[in-house]
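Listing of start.txt, compact mmCIF, C-alpha atoms
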# COMPACT_ATOMS: atom_id res chain seq x y z
CA MET D 1 0.00 0.00 0.00
CA PRO D 2 1.44 3.40 -0.94
CA TYR D 3 1.01 5.54 2.19
CA LYS D 4 0.72 9.29 1.65
CA PHE D 5 2.97 11.45 3.83
CA LEU D 6 2.15 14.91 5.12
CA ILE D 7 5.37 16.66 6.14
CA ILE D 8 4.91 19.69 8.40
CA ILE D 9 7.83 22.13 8.57
CA PRO D 10 7.64 25.20 10.83
CA VAL D 11 9.90 28.02 9.67
CA TYR D 12 11.09 31.05 11.59
CA ASN D 13 13.94 33.12 10.11
CA THR D 14 15.75 29.96 8.98
CA ASP D 15 18.94 30.47 6.97
CA PRO D 16 18.01 30.04 3.27
CA LYS D 17 20.92 27.65 2.68
CA PHE D 18 19.45 25.32 5.32
CA LEU D 19 15.93 25.71 3.93
CA SER D 20 17.20 24.90 0.46
CA GLN D 21 18.96 21.76 1.67
CA CYS D 22 15.88 20.64 3.60
CA PHE D 23 13.47 21.21 0.72
CA GLU D 24 15.75 19.78 -1.96
CA THR D 25 16.15 16.51 -0.07
CA LEU D 26 12.37 16.24 -0.10
CA LEU D 27 12.24 16.80 -3.85
CA LYS D 28 14.92 14.13 -4.34
CA GLN D 29 13.03 11.44 -2.42
CA THR D 30 12.84 8.08 -4.15
CA TYR D 31 9.27 7.78 -2.83
CA LYS D 32 6.91 10.38 -4.33
CA GLU D 33 3.66 10.05 -2.36
CA TRP D 34 4.04 13.12 -0.18
CA ARG D 35 3.11 16.73 0.26
CA CYS D 36 4.56 19.38 2.53
CA ILE D 37 3.07 22.26 4.50
CA ILE D 38 5.41 25.13 5.35
CA VAL D 39 4.14 26.99 8.42
CA ASP D 40 5.88 30.36 8.51
CA ASP D 41 5.82 31.53 12.14
CA LYS D 42 5.77 35.20 11.12
CA SER D 43 9.40 35.30 9.99
CA THR D 44 10.98 38.76 9.94
CA SER D 45 14.15 37.89 8.00
CA ASP D 46 14.11 39.33 4.49
CA LEU D 47 16.44 36.53 3.36
CA THR D 48 14.07 33.83 4.62
CA LEU D 49 10.98 35.49 3.16
CA SER D 50 12.66 36.14 -0.19
CA PHE D 51 13.74 32.52 -0.44
CA LEU D 52 10.24 31.21 0.34
CA LYS D 53 8.67 33.63 -2.14
CA ALA D 54 11.00 32.44 -4.91
CA PHE D 55 10.92 28.73 -4.09
CA LEU D 56 7.34 27.83 -3.26
CA PRO D 57 5.31 28.98 -6.33
CA GLN D 58 7.24 26.59 -8.57
CA ARG D 59 6.72 23.55 -6.30
CA PRO D 60 3.13 22.22 -6.26
CA GLN D 61 3.91 19.63 -3.57
CA PHE D 62 4.59 22.48 -1.14
CA SER D 63 1.88 24.65 0.40
CA TYR D 64 2.43 27.73 2.56
CA VAL D 65 0.72 29.09 5.65
CA ARG D 66 1.85 32.25 7.43
CA ASN D 67 0.90 32.76 11.07
CA LYS D 68 -0.64 36.07 12.08
CA ASP D 69 1.50 36.04 15.23
CA ASN D 70 4.74 34.42 16.28
CA VAL D 71 3.36 31.45 18.24
CA GLY D 72 6.33 29.09 18.46
CA CYS D 73 7.26 25.77 16.92
CA GLY D 74 4.72 23.62 18.77
CA GLU D 75 1.68 25.70 17.93
CA SER D 76 2.94 26.05 14.35
CA ARG D 77 2.90 22.26 14.11
CA ASN D 78 -0.68 22.28 15.46
CA ILE D 79 -1.58 24.71 12.67
CA GLY D 80 -0.01 22.36 10.15
CA LEU D 81 -2.02 19.46 11.59
CA ALA D 82 -5.21 21.48 11.15
CA HIS D 83 -4.52 21.47 7.39
CA ALA D 84 -4.27 17.67 7.19
CA THR D 85 -6.87 15.92 5.04
CA GLU D 86 -8.21 12.37 4.96
CA LYS D 87 -5.75 11.63 2.14
CA ASP D 88 -2.79 12.17 4.48
CA ASP D 89 -1.97 8.79 6.04
CA LEU D 90 1.28 9.60 7.83
CA ILE D 91 2.46 12.76 9.62
CA TRP D 92 6.09 13.80 9.95
CA PHE D 93 7.26 16.95 11.75
CA VAL D 94 10.55 18.02 10.17
CA ASP D 95 12.76 20.88 11.41
CA SER D 96 13.53 23.48 8.77
CA ASP D 97 17.30 23.44 9.33
CA ASP D 98 17.65 19.65 9.08
CA TYR D 99 17.44 17.37 6.05
CA LEU D 100 16.62 13.81 5.00
CA THR D 101 18.38 10.96 3.31
CA THR D 102 16.96 10.46 -0.19
CA SER D 103 15.39 7.10 0.64
CA ALA D 104 13.82 8.23 3.94
CA LEU D 105 10.18 8.13 2.85
CA GLU D 106 10.61 4.86 0.95
CA VAL D 107 12.16 3.18 4.00
CA MET D 108 9.33 4.37 6.25
CA ASN D 109 6.62 3.40 3.78
CA ASN D 110 8.08 -0.11 3.67
CA TYR D 111 7.93 -0.44 7.46
CA PHE D 112 4.31 0.73 7.61
CA ASN D 113 3.45 -1.84 4.95
CA GLU D 114 5.28 -4.58 6.81
CA PHE D 115 3.46 -3.68 10.06
CA PRO D 116 0.01 -2.27 9.17
CA GLN D 117 -0.92 -1.93 12.85
CA LEU D 118 2.01 0.45 13.42
CA GLU D 119 1.10 3.81 15.00
CA ILE D 120 4.52 5.37 15.60
CA LEU D 121 7.79 4.72 13.77
CA ALA D 122 10.91 5.97 15.59
CA PHE D 123 14.26 6.09 13.83
CA THR D 124 17.93 6.98 14.02
CA CYS D 125 19.58 10.23 12.98
CA ILE D 126 23.01 11.49 12.04
CA ASN D 127 24.08 14.43 14.20
CA LEU D 128 25.67 17.20 12.15
CA LEU D 129 28.07 19.71 13.72
CA ALA D 130 30.01 22.35 11.80
CA ASN D 131 29.16 20.69 8.47
CA ALA D 132 30.78 17.41 9.49
CA ASN D 133 29.36 14.13 10.71
CA TYR D 134 29.63 14.51 14.47
CA GLY D 135 28.02 11.32 15.70
CA PHE D 136 25.01 9.09 15.62
CA GLN D 137 21.85 9.10 17.68
CA VAL D 138 20.98 5.43 17.70
CA SER D 139 17.52 4.03 18.22
CA TYR D 140 16.84 0.66 19.74
CA ASP D 141 15.94 -1.97 17.15
CA SER D 142 12.66 -3.31 18.54
CA LYS D 143 12.18 -5.81 15.67
CA VAL D 144 8.37 -5.76 15.96
CA PRO D 145 5.93 -3.09 17.19
CA HIS D 146 5.31 -2.92 20.95
CA SER D 147 3.84 -0.53 23.47
CA ILE D 148 5.96 1.03 26.22
CA ASP D 149 4.14 -1.31 28.62
CA GLU D 150 5.60 -4.31 26.77
CA ASP D 151 9.03 -2.91 25.88
CA HIS D 152 10.50 -0.35 28.30
CA THR D 153 13.58 0.10 26.11
CA LEU D 154 11.42 2.26 23.83
CA LEU D 155 11.86 4.96 26.48
CA GLY D 156 15.31 5.41 24.97
CA CYS D 157 13.88 6.84 21.75
CA SER D 158 14.60 10.50 21.08
CA ALA D 159 12.00 13.00 22.30
CA GLY D 160 12.50 15.19 19.22
CA ALA D 161 9.29 15.52 17.21
CA TRP D 162 11.32 15.05 14.01
CA SER D 163 12.46 11.57 15.18
CA ARG D 164 9.09 9.84 14.68
CA VAL D 165 6.43 9.41 12.01
CA PHE D 166 2.81 9.03 13.12
CA LYS D 167 -0.30 7.53 11.62
CA GLN D 168 -2.67 10.46 11.24
CA SER D 169 -5.51 8.25 12.52
CA PHE D 170 -3.58 7.76 15.78
CA ILE D 171 -3.10 11.51 16.22
CA LYS D 172 -6.78 12.18 15.52
CA ASP D 173 -8.09 9.35 17.69
CA HIS D 174 -6.15 10.62 20.69
CA LYS D 175 -6.57 14.33 19.86
CA LEU D 176 -2.81 14.83 20.11
CA LEU D 177 -1.54 18.39 19.99
CA PHE D 178 1.51 20.31 21.13
CA PRO D 179 1.07 22.77 24.04
CA HIS D 180 -0.85 25.87 22.96
CA ARG D 181 1.91 28.24 23.97
CA ASN D 182 5.44 29.17 22.95
CA ILE D 183 7.37 27.01 25.40
CA PHE D 184 10.74 25.27 25.40
CA HIS D 185 10.74 21.44 25.27
CA GLU D 186 7.32 21.26 23.57
CA ASP D 187 8.56 18.12 21.80
CA LEU D 188 8.89 16.36 25.16
CA TYR D 189 5.18 16.89 25.89
CA PHE D 190 4.17 15.29 22.59
CA TRP D 191 6.60 12.42 23.16
CA ILE D 192 5.26 11.64 26.65
CA VAL D 193 1.59 11.74 25.64
CA SER D 194 1.97 9.85 22.37
CA PHE D 195 4.21 7.13 23.82
CA SER D 196 1.86 6.74 26.78
CA ARG D 197 -1.09 6.04 24.47
CA ALA D 198 0.43 4.12 21.56
CA LYS D 199 -0.01 0.36 21.42
CA TYR D 200 2.25 -0.21 18.43
CA ILE D 201 5.61 1.59 18.34
CA LEU D 202 8.49 0.39 16.19
CA SER D 203 12.03 1.66 16.72
CA ILE D 204 14.45 1.14 13.83
CA THR D 205 18.18 1.67 13.35
CA ASP D 206 17.97 3.03 9.79
CA TYR D 207 19.67 6.41 9.37
CA ILE D 208 17.11 8.54 7.56
CA TYR D 209 17.45 11.99 9.12
CA VAL D 210 20.28 14.48 9.54
CA TYR D 211 19.94 16.61 12.67
CA ARG D 212 21.86 19.86 12.82
CA ILE D 213 23.52 20.64 16.16
CA TYR D 214 24.47 24.14 17.20
CA VAL D 215 27.42 24.72 19.50
CA PRO D 216 26.30 26.75 22.52
CA ASN D 217 28.07 30.00 23.24
CA SER D 218 30.79 29.64 25.85
CA MET D 219 29.14 32.42 27.84
CA CYS D 220 26.25 31.07 29.89
CA ASP D 221 23.10 33.22 29.81
CA THR D 222 21.92 32.40 33.33
CA TRP D 223 18.42 33.80 33.03
CA ALA D 224 17.77 32.24 29.63
CA GLU D 225 18.88 28.83 30.92
CA LEU D 226 16.76 29.16 34.06
CA LYS D 227 13.75 29.95 31.89
CA LYS D 228 14.36 26.83 29.81
CA VAL D 229 14.75 24.65 32.91
CA THR D 230 11.52 26.09 34.34
CA GLU D 231 9.67 25.41 31.09
CA ASN D 232 11.06 21.86 30.94
CA LEU D 233 9.48 21.25 34.35
CA GLU D 234 6.22 22.89 33.25
CA VAL D 235 6.04 20.63 30.17
CA ILE D 236 6.58 17.52 32.30
CA LYS D 237 3.79 18.60 34.66
CA LEU D 238 1.46 19.45 31.75
CA ALA D 239 2.04 16.06 30.20
CA TYR D 240 1.30 14.31 33.50
CA ASP D 241 -1.99 16.18 33.83
CA GLU D 242 -2.90 14.87 30.37
CA ILE D 243 -1.95 11.21 30.88
CA LYS D 244 -2.43 10.60 34.63
CA ASN D 245 -5.61 8.61 34.01
CA ASP D 246 -4.22 6.59 31.09
CA HIS D 247 -3.31 3.51 33.17
CA SER D 248 -0.18 3.18 31.04
CA TYR D 249 3.34 2.26 32.13
CA ILE D 250 4.42 5.89 31.77
CA SER D 251 1.55 7.33 33.82
CA GLN D 252 1.85 4.71 36.56
CA HIS D 253 5.65 5.03 36.81
CA TYR D 254 5.91 8.80 36.31
CA GLY D 255 7.65 9.30 39.65
CA GLU D 256 10.39 6.87 38.66
CA LEU D 257 10.65 8.29 35.14
CA PHE D 258 10.85 11.86 36.41
CA SER D 259 14.59 11.57 37.02
CA PHE D 260 15.05 10.67 33.34
CA LEU D 261 12.54 13.25 32.08
CA PHE D 262 13.89 16.15 34.12
CA TYR D 263 17.28 15.64 35.79
CA GLU D 264 18.83 13.63 32.95
CA ARG D 265 17.64 16.15 30.36
CA LEU D 266 18.89 18.95 32.61
CA ARG D 267 22.41 17.55 32.41
CA LYS D 268 22.15 16.84 28.69
CA PHE D 269 20.50 19.92 27.25
CA HIS D 270 21.23 22.84 29.55
CA LYS D 271 24.44 24.77 30.03
CA ILE D 272 24.36 25.29 33.80
CA ASP D 273 27.38 26.88 35.49
CA GLN D 274 28.16 26.96 39.18
CA LYS D 275 26.90 30.52 39.53
CA THR D 276 23.50 29.40 38.28
CA ILE D 277 23.47 26.35 40.56
CA ASP D 278 24.20 28.58 43.55
CA SER D 279 21.43 31.05 42.70
CA ALA D 280 18.25 31.22 44.76
CA GLU D 281 16.19 30.94 41.57
CA TYR D 282 17.80 27.63 40.57
CA LYS D 283 17.38 26.21 44.06
CA SER D 284 13.71 27.23 43.99
CA ILE D 285 13.17 25.38 40.69
CA MET D 286 14.86 22.28 42.10
CA LYS D 287 12.59 22.38 45.16
CA VAL D 288 9.49 22.58 42.95
CA ALA D 289 10.82 19.63 40.94
CA ALA D 290 11.48 17.56 44.06
CA ASP D 291 8.05 18.39 45.52
CA PHE D 292 6.35 17.37 42.27
CA GLN D 293 8.25 14.08 42.10
CA ASN D 294 7.39 13.32 45.73
CA SER D 295 3.72 14.02 45.06
CA LEU D 296 3.49 11.34 42.39
CA LYS D 297 1.95 8.06 43.42
CA LYS D 298 4.28 5.11 43.47
CA PRO D 299 3.09 2.15 41.36
CA SER D 300 1.24 -0.53 43.25
CA LYS D 301 2.98 -3.91 43.40

Rewritten as C-alpha cells:
Amino acid sequence: MPYKFLIIIPVYNTDPKFLSQCFETLLKQTYKEWRCIIVDDKSTSDLTLSFLKAFLPQRPQFSYVRNKDNVGCGESRNIGLAHATEKDDLIWFVDSDDYLTTSALEVMNNYFNEFPQLEILAFTCINLLANANYGFQVSYDSKVPHSIDEDHTLLGCSAGAWSRVFKQSFIKDHKLLFPHRNIFHEDLYFWIVSFSRAKYILSITDYIYVYRIYVPNSMCDTWAELKKVTENLEVIKLAYDEIKNDHSYISQHYGELFSFLFYERLRKFHKIDQKTIDSAEYKSIMKVAADFQNSLKKPSK
C-alpha cells in the first residue's frame, strides 16, 4: 500500500541555505507520495521570506501558511495538523534546518506496509556539527511493534518531534496536539503523551534523518537557561496532567521516570554553570521539581 505522507515544517527566520537543503532533499526522495506544509511563524528575516517567495510557487507539492502572530514551533505544528486531510496517512514533523536521506520516505513506507498496525515509527539520525558528521543518535531496534508497557527500552527513543512518524488516525483518535503556547521542550510533551497512548511503536536503526547541532556560546546566559529549565518542568507537569488517568506504564511510573525526564535532560541539554546552581532561583526550581516528584503516586505492586 502506498502511504501518503504529510510533512509539516515550521519556519522562523531559517537560513536560506538550510531551507534549500531541507526542501531539496524532499524533492529528491525516491518515494513520491508526499506533500509538505510550510508553516511560517511570522518570519521577519528578508532573506528567509525572499527565499520562500522564490521557491514555493514553482513547487506544487509544497503549500504555505503564514501565522498572524509568532506562536512558536509547537503551535505552528498544530496549525499544520489542522490542514491535514483524509488523504494524508502519515504525519512527519521536520525541522527546517535539518534534512533527509533520499530514501527516507521509501524506507518508512516499507515499514508501515510490513506492520500495518504500526502507529509510531521511531528512527535513528546522524548528528551534524560544523558541516561534518559529528556522531550518531541510535535508536533501539525493537524488531516488531510494541507498546511502552511491553518494551521499556522504547523509552530510549529520542523525544525530538522530528524523530518519529505518526499515523494520522492515531493523532486524531487521541486528539494529540503540542502545548498551545510558545514554550521550550514542547517536543517532550508530545513524546510523553503519544508514547503513553500508543499500542504499536516500532524503533528502527535506519539512518534517515540528519539533525543539525548548534554549539552553545561559551558564555552562559543564566536567566535564559533558568527559563528553559523552568519550562522543561512545566512541560513535564502538563504532560502528566494529560496522561495521569491513562493507566499506562508511563503514567503509573511517572515518579520513577521523572529523574530521566527532568534531571537527565537537565544535564544533557542545559548549560548550567556553578553561579547558576548557587542562585536562589535555581534552588527554587529544584525544590518545585522535588516536591512534584514526591507528590506522584508510586506504582502498586

*Please identify all polymer residues within 12 Å of Ile38 (chain D), counting only C-alpha atoms, omitting same-chain residues fewer than 3 positions from it, and present them as a PyMOL selection string.*
chain D and resi 6-12+14+19+22-23+35+41-43+49+52-53+55-56+59+61-67+73+76-77+79-81+83+93-96

_I'd like to know which of D:Leu176, D:Val193, D:Leu90, D:Leu226 is closest to Lys244 (chain D), using all atoms listed in the file._
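Ranking D:Leu176, D:Val193, D:Leu90, D:Leu226 by distance to Lys244 (chain D), first place goes to D:Val193.
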
*Residues within 8 Å of Val229 (chain D), all atoms listed in the file, excluding chain neighbours under 3 positions, as an MDAnalysis selection string*: chainID D and resid 225:226 232:233 266 270 285

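The shortest atom-to-atom distance to Lys167 (chain D), with only C-alpha atoms taken into account, belongs to D:Ser194 out of D:Ser194, D:Gln252, D:Ser284, D:Thr48.
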
*Please work out which residues fall within 12 Å of (-0.9, 12.5, 31.4), coordinates as given in the file, with all atoms listed in the file counting, and return them as a ChimeraX atom specification.*
/D:176,189-197,235-254,296

_With distances taken over only C-alpha atoms, which residue among D:Trp162, D:Phe5, D:Trp34, D:Phe115 lies nearest Pro145 (chain D)?_
D:Phe115

*Neighbour list for Lys172 (chain D) as a PyMOL selection string, cut-off 12 Å, all atoms listed in the file, skip fewer than 3 positions in-chain*: chain D and resi 78+81-82+84-86+88-91+119+166-169+175-177+194

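With distances restricted to all atoms listed in the file, D:Ala161 is the closest residue to Leu188 (chain D) from D:Cys125, D:Ala161, D:Leu154, D:Val39.
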
List every residue of region 2-100 of chain D that has an atom at most 9 Å from any atom of region 107-110 of chain D, giving for each one its closest atom pair and the distance in Å to one decimal, counting all atoms listed in the file, sorted by chain and then by ascending residue number, as CSV.
residue,atom,partner,partner_atom,distance
D:Pro2,CA,D:Asn109,CA,7.0
D:Tyr3,CA,D:Asn109,CA,6.2
D:Lys4,CA,D:Asn109,CA,8.6
D:Phe5,CA,D:Asn109,CA,8.8
D:Tyr31,CA,D:Asn109,CA,8.4

Selection file, C-alpha atoms, as a PDB file, in the coordinates of the input:
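And here is the file that came out, out.pdb:
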ATOM      1  CA  PRO D   2       1.440   3.400  -0.940  1.00  0.00           C
ATOM      2  CA  TYR D   3       1.010   5.540   2.190  1.00  0.00           C
ATOM      3  CA  LYS D   4       0.720   9.290   1.650  1.00  0.00           C
ATOM      4  CA  PHE D   5       2.970  11.450   3.830  1.00  0.00           C
ATOM      5  CA  TYR D  31       9.270   7.780  -2.830  1.00  0.00           C
TER       6      TYR D  31
END
